[in-house]
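Printed here is entry-v4.cif (mmCIF, C-alpha atoms):
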data_my_file
#
loop_
_atom_site.label_atom_id
_atom_site.label_comp_id
_atom_site.auth_asym_id
_atom_site.auth_seq_id
_atom_site.Cartn_x
_atom_site.Cartn_y
_atom_site.Cartn_z
CA MET S 1 -12.22 17.02 -14.22
CA PRO S 2 -9.21 15.46 -12.49
CA ALA S 3 -8.57 11.80 -13.17
CA GLU S 4 -9.99 9.42 -10.62
CA PRO S 5 -7.32 7.86 -8.35
CA ALA S 6 -6.15 4.45 -9.46
CA ILE S 7 -6.59 1.28 -7.42
CA VAL S 8 -3.75 -1.10 -6.55
CA LEU S 9 -4.37 -4.81 -6.08
CA THR S 10 -1.56 -6.98 -4.70
CA LEU S 11 -1.80 -10.69 -4.05
CA SER S 12 0.23 -13.79 -3.29
CA CYS S 13 -0.73 -17.45 -3.12
CA ARG S 14 0.38 -20.93 -4.10
CA ASN S 15 0.84 -21.05 -7.84
CA ARG S 16 -1.72 -22.90 -9.92
CA PRO S 17 -3.09 -22.51 -13.45
CA GLY S 18 -5.76 -19.89 -14.03
CA ILE S 19 -4.86 -17.21 -11.47
CA VAL S 20 -4.14 -14.44 -13.97
CA ALA S 21 -7.15 -15.38 -16.08
CA ALA S 22 -9.45 -15.39 -13.06
CA VAL S 23 -8.21 -12.04 -11.78
CA SER S 24 -8.39 -10.39 -15.21
CA ALA S 25 -11.86 -11.78 -15.91
CA HIS S 26 -13.14 -10.65 -12.53
CA LEU S 27 -11.89 -7.11 -13.05
CA PHE S 28 -13.35 -6.99 -16.57
CA GLU S 29 -16.72 -8.23 -15.35
CA ASN S 30 -16.74 -5.51 -12.71
CA ALA S 31 -16.06 -2.66 -15.17
CA CYS S 32 -12.41 -2.19 -14.27
CA ASN S 33 -9.60 -1.39 -16.67
CA ILE S 34 -6.08 -2.73 -16.06
CA LEU S 35 -3.47 0.02 -16.37
CA ASP S 36 -0.43 -2.01 -15.33
CA ALA S 37 0.17 -5.60 -14.30
CA GLN S 38 3.25 -7.35 -12.98
CA GLN S 39 3.54 -10.94 -11.85
CA TYR S 40 6.18 -13.33 -10.60
CA ASP S 41 6.13 -17.10 -10.30
CA ASP S 42 8.72 -18.26 -7.75
CA THR S 43 9.52 -21.70 -9.08
CA GLN S 44 11.66 -22.50 -6.03
CA THR S 45 8.88 -22.00 -3.48
CA GLY S 46 5.87 -22.57 -5.72
CA ASN S 47 4.42 -19.19 -4.74
CA PHE S 48 2.82 -16.69 -7.11
CA PHE S 49 2.83 -12.90 -6.74
CA MET S 50 0.96 -10.20 -8.63
CA ARG S 51 0.47 -6.42 -8.57
CA VAL S 52 -2.25 -4.85 -10.67
CA VAL S 53 -2.99 -1.14 -11.10
CA LEU S 54 -6.53 -0.50 -12.33
CA ASN S 55 -9.14 2.17 -12.69
CA ARG S 56 -12.92 2.06 -12.57
CA LEU S 57 -14.93 2.52 -15.76
CA ASP S 58 -18.46 3.87 -15.96
CA GLY S 59 -20.76 1.73 -13.88
CA ALA S 60 -18.02 0.25 -11.69
CA ALA S 61 -18.66 -0.11 -7.98
CA PRO S 62 -16.67 1.95 -5.45
CA VAL S 63 -13.44 0.56 -4.02
CA GLU S 64 -15.11 -0.86 -0.92
CA ALA S 65 -17.60 -2.85 -3.00
CA LEU S 66 -14.85 -4.01 -5.38
CA ARG S 67 -12.87 -5.22 -2.41
CA GLU S 68 -15.87 -7.09 -1.05
CA GLY S 69 -16.56 -8.63 -4.43
CA PHE S 70 -12.98 -9.81 -4.85
CA ALA S 71 -12.97 -11.68 -1.52
CA PRO S 72 -14.61 -14.92 -2.77
CA LEU S 73 -12.10 -15.22 -5.61
CA ALA S 74 -9.23 -14.59 -3.21
CA GLU S 75 -10.59 -17.26 -0.87
CA ARG S 76 -10.86 -19.75 -3.72
CA PHE S 77 -7.15 -19.38 -4.51
CA GLY S 78 -6.02 -18.97 -0.90
CA MET S 79 -4.64 -15.49 -1.56
CA ALA S 80 -3.08 -13.03 0.83
CA TRP S 81 -4.18 -9.78 -0.80
CA SER S 82 -4.96 -6.11 -0.50
CA MET S 83 -6.87 -3.62 -2.63
CA ARG S 84 -6.43 0.10 -2.00
CA GLY S 85 -7.17 3.34 -3.76
CA THR S 86 -4.02 5.37 -4.33
CA ASP S 87 -5.76 8.33 -2.69
CA ALA S 88 -5.80 6.40 0.62
CA ARG S 89 -2.45 7.67 1.86
CA ARG S 90 -0.44 5.53 4.26
CA ARG S 91 -0.02 6.74 7.83
CA VAL S 92 3.67 6.64 8.78
CA MET S 93 5.41 6.92 12.15
CA ILE S 94 9.13 7.72 12.20
CA LEU S 95 11.45 6.67 15.02
CA THR S 96 14.83 8.36 15.20
CA SER S 97 17.79 9.03 17.47
CA ARG S 98 20.60 11.57 17.45
CA PHE S 99 21.72 10.88 13.85
CA ASP S 100 19.05 12.78 11.95
CA HIS S 101 20.12 12.66 8.29
CA CYS S 102 17.52 10.04 7.37
CA LEU S 103 14.81 11.88 9.29
CA ALA S 104 15.66 15.18 7.55
CA ASP S 105 15.59 13.46 4.15
CA LEU S 106 12.21 11.82 4.76
CA LEU S 107 10.76 15.12 5.97
CA TYR S 108 11.96 16.84 2.79
CA ARG S 109 10.56 14.16 0.49
CA TRP S 110 7.25 14.21 2.40
CA ARG S 111 7.04 18.01 2.28
CA THR S 112 7.69 18.11 -1.48
CA GLY S 113 5.18 15.34 -2.16
CA GLU S 114 7.73 12.82 -3.39
CA LEU S 115 6.58 10.47 -0.63
CA ALA S 116 2.79 10.47 -0.75
CA MET S 117 2.22 9.61 2.89
CA ASP S 118 0.71 11.15 6.01
CA LEU S 119 3.22 11.60 8.82
CA ALA S 120 1.35 10.58 11.95
CA ALA S 121 4.14 11.01 14.52
CA ILE S 122 7.86 11.42 15.07
CA VAL S 123 9.29 9.57 18.06
CA SER S 124 12.77 9.81 19.55
CA ASN S 125 14.70 8.81 22.63
CA HIS S 126 16.24 12.30 22.43
CA PRO S 127 14.37 15.54 23.33
CA ARG S 128 12.80 17.88 20.79
CA GLU S 129 15.59 20.45 21.09
CA THR S 130 17.94 17.91 19.52
CA PHE S 131 16.07 18.59 16.27
CA ASP S 132 15.49 22.34 16.59
CA HIS S 133 17.08 22.83 13.17
CA LEU S 134 14.39 20.67 11.53
CA ASP S 135 10.89 21.79 10.57
CA PHE S 136 8.45 19.05 11.57
CA GLY S 137 5.59 20.83 9.80
CA GLY S 138 3.16 20.31 12.67
CA VAL S 139 3.78 16.56 12.95
CA PRO S 140 3.33 15.50 16.61
CA PHE S 141 6.65 14.78 18.36
CA HIS S 142 6.98 12.30 21.22
CA HIS S 143 10.02 12.08 23.47
CA LEU S 144 10.42 8.59 24.94
CA PRO S 145 13.75 8.59 26.82
CA VAL S 146 15.35 5.26 27.56
CA THR S 147 18.14 3.83 29.68
CA LYS S 148 19.28 0.28 30.19
CA ASP S 149 17.13 0.12 33.33
CA THR S 150 14.01 1.62 31.75
CA LYS S 151 14.05 -0.10 28.36
CA LEU S 152 11.07 -2.34 29.13
CA GLU S 153 8.93 0.59 30.31
CA GLN S 154 9.98 2.73 27.35
CA GLU S 155 9.11 0.03 24.85
CA SER S 156 5.73 -0.49 26.51
CA ALA S 157 5.09 3.23 26.12
CA LEU S 158 6.19 3.01 22.49
CA TRP S 159 3.78 0.16 21.79
CA ARG S 160 0.91 2.10 23.42
CA LEU S 161 1.76 5.02 21.14
CA VAL S 162 1.77 2.75 18.09
CA GLN S 163 -1.68 1.48 19.07
CA GLU S 164 -2.92 5.03 19.61
CA VAL S 165 -1.51 6.49 16.38
CA SER S 166 -2.29 3.33 14.37
CA PRO S 167 0.33 3.80 11.62
CA ASP S 168 0.38 1.66 8.51
CA LEU S 169 4.18 1.80 8.58
CA VAL S 170 6.82 2.42 11.25
CA VAL S 171 10.18 3.62 9.95
CA LEU S 172 13.37 3.31 12.01
CA ALA S 173 15.31 6.27 10.62
CA ARG S 174 18.59 5.48 12.38
CA TYR S 175 16.74 4.71 15.62
CA MET S 176 19.61 3.40 17.71
CA GLN S 177 17.58 1.12 19.96
CA VAL S 178 17.07 -2.59 19.37
CA LEU S 179 13.40 -3.56 19.43
CA SER S 180 12.47 -6.57 21.54
CA ASP S 181 11.41 -9.82 19.90
CA GLY S 182 7.85 -9.25 21.09
CA LEU S 183 7.53 -5.76 19.62
CA SER S 184 9.22 -6.83 16.39
CA ALA S 185 6.71 -9.66 16.03
CA LYS S 186 3.78 -7.28 16.56
CA MET S 187 4.96 -5.10 13.67
CA THR S 188 5.90 -7.83 11.20
CA GLY S 189 5.75 -6.54 7.65
CA ARG S 190 5.07 -2.92 8.65
CA CYS S 191 8.33 -1.78 10.25
CA ILE S 192 11.34 -0.82 8.11
CA ASN S 193 14.88 -0.34 9.36
CA ILE S 194 17.90 1.18 7.63
CA HIS S 195 21.14 -0.68 8.32
CA HIS S 196 24.45 1.11 7.84
CA SER S 197 25.99 -1.76 5.92
CA PHE S 198 25.49 -3.68 2.73
CA LEU S 199 24.21 -6.75 4.58
CA PRO S 200 25.68 -9.11 5.38
CA GLY S 201 28.63 -7.02 6.40
CA PHE S 202 30.43 -5.39 9.27
CA LYS S 203 28.27 -5.40 12.38
CA GLY S 204 28.61 -3.65 15.71
CA ALA S 205 30.24 -0.35 16.52
CA LYS S 206 31.83 1.91 13.88
CA PRO S 207 31.08 -0.23 10.83
CA TYR S 208 32.67 2.26 8.44
CA HIS S 209 35.87 2.24 10.48
CA GLN S 210 35.88 -1.56 10.36
CA ALA S 211 35.40 -1.42 6.61
CA HIS S 212 38.21 1.12 6.28
CA ALA S 213 40.56 -1.07 8.30
CA ARG S 214 39.82 -3.96 5.95
CA GLY S 215 40.42 -1.84 2.84
CA VAL S 216 37.00 -2.45 1.33
CA LYS S 217 36.26 -1.07 -2.12
CA LEU S 218 32.48 -0.85 -1.74
CA ILE S 219 30.31 0.45 1.07
CA GLY S 220 26.55 0.27 1.17
CA ALA S 221 23.30 0.34 3.11
CA THR S 222 20.34 -2.00 3.45
CA ALA S 223 16.68 -1.31 4.16
CA HIS S 224 14.80 -4.30 5.51
CA TYR S 225 11.72 -5.29 7.46
CA VAL S 226 12.29 -5.66 11.18
CA THR S 227 12.13 -9.16 12.63
CA SER S 228 13.17 -10.76 15.90
CA ASP S 229 16.45 -11.77 14.22
CA LEU S 230 18.52 -8.61 14.49
CA ASP S 231 19.38 -7.19 11.05
CA GLU S 232 18.20 -10.39 9.38
CA GLY S 233 14.76 -9.30 8.18
CA PRO S 234 13.55 -9.49 4.56
CA ILE S 235 15.54 -7.03 2.46
CA ILE S 236 13.63 -4.39 0.50
CA GLU S 237 16.34 -2.17 -1.01
CA GLN S 238 20.14 -1.89 -1.10
CA ASP S 239 22.74 0.32 -2.70
CA VAL S 240 26.52 0.62 -2.78
CA GLU S 241 29.19 3.15 -3.62
CA ARG S 242 32.73 2.50 -4.76
CA ILE S 243 35.54 3.91 -2.65
CA SER S 244 39.32 3.88 -2.87
CA HIS S 245 42.43 3.86 -0.74
CA ARG S 246 42.28 7.66 -0.69
CA ASP S 247 39.05 7.69 1.33
CA THR S 248 39.39 8.27 5.06
CA PRO S 249 36.94 6.90 7.68
CA ASP S 250 35.28 10.34 7.67
CA ASP S 251 34.85 10.06 3.89
CA LEU S 252 33.19 6.68 4.36
CA VAL S 253 30.85 8.08 7.01
CA ARG S 254 29.91 10.98 4.73
CA LYS S 255 29.31 8.76 1.72
CA GLY S 256 27.52 6.24 3.93
CA ARG S 257 25.04 8.86 5.11
CA ASP S 258 24.13 9.61 1.49
CA ILE S 259 23.55 5.93 0.74
CA GLU S 260 21.44 5.45 3.87
CA ARG S 261 19.22 8.39 2.97
CA ARG S 262 18.42 7.25 -0.54
CA VAL S 263 18.05 3.56 0.30
CA LEU S 264 15.61 4.24 3.14
CA ALA S 265 13.59 6.68 1.02
CA ARG S 266 13.33 4.11 -1.78
CA ALA S 267 12.21 1.41 0.64
CA VAL S 268 9.55 3.64 2.17
CA ARG S 269 8.24 4.61 -1.26
CA LEU S 270 8.15 0.99 -2.42
CA HIS S 271 6.18 0.02 0.68
CA ILE S 272 3.63 2.84 0.61
CA GLU S 273 3.03 2.22 -3.10
CA ASP S 274 2.24 -1.46 -2.39
CA ARG S 275 5.19 -2.68 -4.41
CA VAL S 276 6.63 -5.04 -1.79
CA VAL S 277 5.24 -8.50 -1.04
CA LEU S 278 6.76 -10.77 1.57
CA ASN S 279 8.06 -14.10 0.31
CA GLY S 280 9.15 -15.96 3.43
CA GLY S 281 12.51 -14.50 4.47
CA LYS S 282 12.73 -12.49 1.25
CA THR S 283 10.66 -9.95 -0.64
CA VAL S 284 9.24 -9.62 -4.10
CA VAL S 285 9.60 -5.99 -5.19
CA PHE S 286 7.61 -4.79 -8.20
CA THR S 287 9.60 -1.78 -9.37
CA ASP S 288 8.21 1.02 -11.50
#
Take the structure from the file and write it as structure tokens.
Amino acid sequence: MPAEPAIVLTLSCRNRPGIVAAVSAHLFENACNILDAQQYDDTQTGNFFMRVVLNRLDGAAPVEALREGFAPLAERFGMAWSMRGTDARRRVMILTSRFDHCLADLLYRWRTGELAMDLAAIVSNHPRETFDHLDFGGVPFHHLPVTKDTKLEQESALWRLVQEVSPDLVVLARYMQVLSDGLSAKMTGRCINIHHSFLPGFKGAKPYHQAHARGVKLIGATAHYVTSDLDEGPIIEQDVERISHRDTPDDLVRKGRDIERRVLARAVRLHIEDRVVLNGGKTVVFTD
């Protein structure tokens, strides 16, 4: 018989004595076995964070009943929390534009099972033929063209699509359109963007050319949650690569694409595995 899927519990609240003991005792009393537990006490903010992976022993209630039973304890400690079986795959919507390297990478990792998610939709402001070289594997594609004069209408259509598809996560895979403050607020904590810089860094057009002109020795990329403050959302994942005076702007672009792909993929995986917890303007990331 295949092993039963594990359950992931994540929580955050104001720190106080007895949280770990209460959570552990509750799980024990409900015939659950802890497989992995990570916790973090942020002494600067006074907030506490925890991620627990557990499985059900003989006689344990199903996930829905466990979730219902945990609610009073969570209320007692004022927790923001979630409990989910790992077999409940996240629904993901990808937004992309003409630069498709991040899209192609996510499709590959999804197809091979590296990213255990369900792709609910792919959306672009460019037509489907732009991506004829990519196999979408039956994932619905939506073309939402946009101009400066139609941006409001296009974003309204995008929000209607989000409501219809109901994704758990929206990924901006080099989607070269700035989301409005209103739409960003509606998707707080469930929309990830990849920024082509090691933030804070060179902003605006041709960031790699700016970096080259300044003779930088490191380039990087940053995956973060989208907020109304452009490119200022809580950072999930970053990476860098060393370069030298021999590298041309084209070399930086090429190396930058590689960094963007892997940083975005890591951020998506961390999110869908419930490893990221918001901590104000930052994140707590429980790595594996």
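Pairwise distance (CA of Phe49 (chain S), CA of Ala80 (chain S)) equals 9.6 Å.
Candidate residues S:Glu75, S:Glu260, S:Glu114, S:Asp250 were compared for distance to Asp100 (chain S), and the nearest is S:Glu260, using only C-alpha atoms.
When CA of Ile122 (chain S) is paired with CA of Phe141 (chain S), their separation reads 4.9 Å.
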*For the structure provided, state which residues fall under the PyMOL selection byres ((chain S and resi 60) around 10), and present them as a list of chain:residue names.*
S:Leu27, S:Phe28, S:Glu29, S:Asn30, S:Ala31, S:Cys32, S:Asn33, S:Asn55, S:Arg56, S:Leu57, S:Asp58, S:Gly59, S:Ala61, S:Pro62, S:Val63, S:Ala65, S:Leu66
Identify, on the basis of all atoms listed in the file, every residue whose closest approach to Phe136 (chain S) does not exceed 10 Å; exclude the query and any residue fewer than 5 positions from it along the same chain; express the result as an mmCIF file with C-alpha atoms, in the frame of the given file.
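Contents of the output file around39.cif:
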data_model
loop_
_atom_site.group_PDB
_atom_site.id
_atom_site.type_symbol
_atom_site.label_atom_id
_atom_site.label_comp_id
_atom_site.auth_asym_id
_atom_site.auth_seq_id
_atom_site.Cartn_x
_atom_site.Cartn_y
_atom_site.Cartn_z
ATOM 1 C CA LEU S 103 14.810 11.880 9.290
ATOM 2 C CA ALA S 104 15.660 15.180 7.550
ATOM 3 C CA LEU S 107 10.760 15.120 5.970
ATOM 4 C CA TYR S 108 11.960 16.840 2.790
ATOM 5 C CA ARG S 111 7.040 18.010 2.280
ATOM 6 C CA LEU S 119 3.220 11.600 8.820
ATOM 7 C CA ALA S 121 4.140 11.010 14.520
ATOM 8 C CA ILE S 122 7.860 11.420 15.070
ATOM 9 C CA PHE S 131 16.070 18.590 16.270
ATOM 10 C CA PHE S 141 6.650 14.780 18.360
#
*Between S:Lys282, S:Arg128, S:Arg90, S:Arg174, which has the minimum distance to His195 (chain S) (counting all atoms listed in the file)?*
S:Arg174
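Closest approach to Glu237 (chain S) among S:Gly256, S:Leu270, S:Ile219, S:Leu73: S:Leu270, based on all atoms listed in the file.
Using all atoms listed in the file, the residues found no farther than 7 Å from His143 (chain S), other than those of its own chain fewer than 5 positions away, are S:Val123, S:Ser124, S:Asn125, S:His126, S:Pro127, S:Arg128.
Across S:Thr248, S:Gln154, S:Ser228, S:Gln39, the tightest approach to His212 (chain S) is made by S:Thr248 when counting all atoms listed in the file.
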*Scan for residues within 7 Å of the point (11.0, -9.7, 8.4) in the coordinates of the file, using all atoms listed in the file, and reply as a ChimeraX atom specification.*
/S:188-189,225-227,233-234,281
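Comparing the minimum interatomic distances between Arg242 (chain S) and each of S:Ala116, S:Leu218, S:Leu95, S:Val23, counting only C-alpha atoms, we find that S:Leu218 sits nearest.
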*Figure out the distance between CA of His224 (chain S) and CA of Met83 (chain S), please, to one decimal in Å.*
23.2 Å
Any chance you could build region 5-28 of chain S out to N, CA and C atoms and write it as an mmCIF file, keeping the file's coordinate frame?
data_model
loop_
_atom_site.group_PDB
_atom_site.id
_atom_site.type_symbol
_atom_site.label_atom_id
_atom_site.label_comp_id
_atom_site.auth_asym_id
_atom_site.auth_seq_id
_atom_site.Cartn_x
_atom_site.Cartn_y
_atom_site.Cartn_z
ATOM 1 N N PRO S 5 -8.491 8.609 -8.845
ATOM 2 C CA PRO S 5 -7.320 7.860 -8.350
ATOM 3 C C PRO S 5 -7.380 6.395 -8.782
ATOM 4 N N ALA S 6 -6.226 5.856 -9.089
ATOM 5 C CA ALA S 6 -6.150 4.450 -9.460
ATOM 6 C C ALA S 6 -6.317 3.561 -8.231
ATOM 7 N N ILE S 7 -6.454 2.280 -8.485
ATOM 8 C CA ILE S 7 -6.590 1.280 -7.420
ATOM 9 C C ILE S 7 -5.454 0.272 -7.604
ATOM 10 N N VAL S 8 -4.844 -0.130 -6.500
ATOM 11 C CA VAL S 8 -3.750 -1.100 -6.550
ATOM 12 C C VAL S 8 -4.194 -2.388 -5.870
ATOM 13 N N LEU S 9 -4.081 -3.471 -6.592
ATOM 14 C CA LEU S 9 -4.370 -4.810 -6.080
ATOM 15 C C LEU S 9 -3.060 -5.581 -6.009
ATOM 16 N N THR S 10 -2.723 -6.100 -4.838
ATOM 17 C CA THR S 10 -1.560 -6.980 -4.700
ATOM 18 C C THR S 10 -2.031 -8.311 -4.116
ATOM 19 N N LEU S 11 -1.395 -9.381 -4.539
ATOM 20 C CA LEU S 11 -1.800 -10.690 -4.050
ATOM 21 C C LEU S 11 -0.637 -11.664 -4.102
ATOM 22 N N SER S 12 -0.727 -12.673 -3.265
ATOM 23 C CA SER S 12 0.230 -13.790 -3.290
ATOM 24 C C SER S 12 -0.509 -15.046 -2.860
ATOM 25 N N CYS S 13 -0.108 -16.175 -3.437
ATOM 26 C CA CYS S 13 -0.730 -17.450 -3.120
ATOM 27 C C CYS S 13 0.114 -18.576 -3.706
ATOM 28 N N ARG S 14 -0.277 -19.798 -3.442
ATOM 29 C CA ARG S 14 0.380 -20.930 -4.100
ATOM 30 C C ARG S 14 0.052 -20.866 -5.584
ATOM 31 N N ASN S 15 1.053 -21.141 -6.399
ATOM 32 C CA ASN S 15 0.840 -21.050 -7.840
ATOM 33 C C ASN S 15 -0.011 -22.218 -8.338
ATOM 34 N N ARG S 16 -0.908 -21.892 -9.246
ATOM 35 C CA ARG S 16 -1.720 -22.900 -9.920
ATOM 36 C C ARG S 16 -2.247 -22.273 -11.202
ATOM 37 N N PRO S 17 -2.594 -23.070 -12.188
ATOM 38 C CA PRO S 17 -3.090 -22.510 -13.450
ATOM 39 C C PRO S 17 -4.375 -21.719 -13.239
ATOM 40 N N GLY S 18 -4.497 -20.620 -13.996
ATOM 41 C CA GLY S 18 -5.760 -19.890 -14.030
ATOM 42 C C GLY S 18 -5.847 -18.669 -13.149
ATOM 43 N N ILE S 19 -4.784 -18.352 -12.387
ATOM 44 C CA ILE S 19 -4.860 -17.210 -11.470
ATOM 45 C C ILE S 19 -5.003 -15.913 -12.244
ATOM 46 N N VAL S 20 -4.114 -15.684 -13.205
ATOM 47 C CA VAL S 20 -4.140 -14.440 -13.970
ATOM 48 C C VAL S 20 -5.449 -14.311 -14.735
ATOM 49 N N ALA S 21 -5.897 -15.400 -15.318
ATOM 50 C CA ALA S 21 -7.150 -15.380 -16.080
ATOM 51 C C ALA S 21 -8.325 -15.047 -15.170
ATOM 52 N N ALA S 22 -8.345 -15.629 -13.986
ATOM 53 C CA ALA S 22 -9.450 -15.390 -13.060
ATOM 54 C C ALA S 22 -9.463 -13.951 -12.575
ATOM 55 N N VAL S 23 -8.291 -13.422 -12.262
ATOM 56 C CA VAL S 23 -8.210 -12.040 -11.780
ATOM 57 C C VAL S 23 -8.620 -11.075 -12.898
ATOM 58 N N SER S 24 -8.078 -11.274 -14.092
ATOM 59 C CA SER S 24 -8.390 -10.390 -15.210
ATOM 60 C C SER S 24 -9.882 -10.437 -15.552
ATOM 61 N N ALA S 25 -10.444 -11.642 -15.587
ATOM 62 C CA ALA S 25 -11.860 -11.780 -15.910
ATOM 63 C C ALA S 25 -12.727 -11.100 -14.857
ATOM 64 N N HIS S 26 -12.368 -11.269 -13.603
ATOM 65 C CA HIS S 26 -13.140 -10.650 -12.530
ATOM 66 C C HIS S 26 -13.126 -9.126 -12.653
ATOM 67 N N LEU S 27 -11.970 -8.567 -12.921
ATOM 68 C CA LEU S 27 -11.890 -7.110 -13.050
ATOM 69 C C LEU S 27 -12.683 -6.629 -14.265
ATOM 70 N N PHE S 28 -12.592 -7.365 -15.373
ATOM 71 C CA PHE S 28 -13.350 -6.990 -16.570
ATOM 72 C C PHE S 28 -14.850 -7.032 -16.299
#
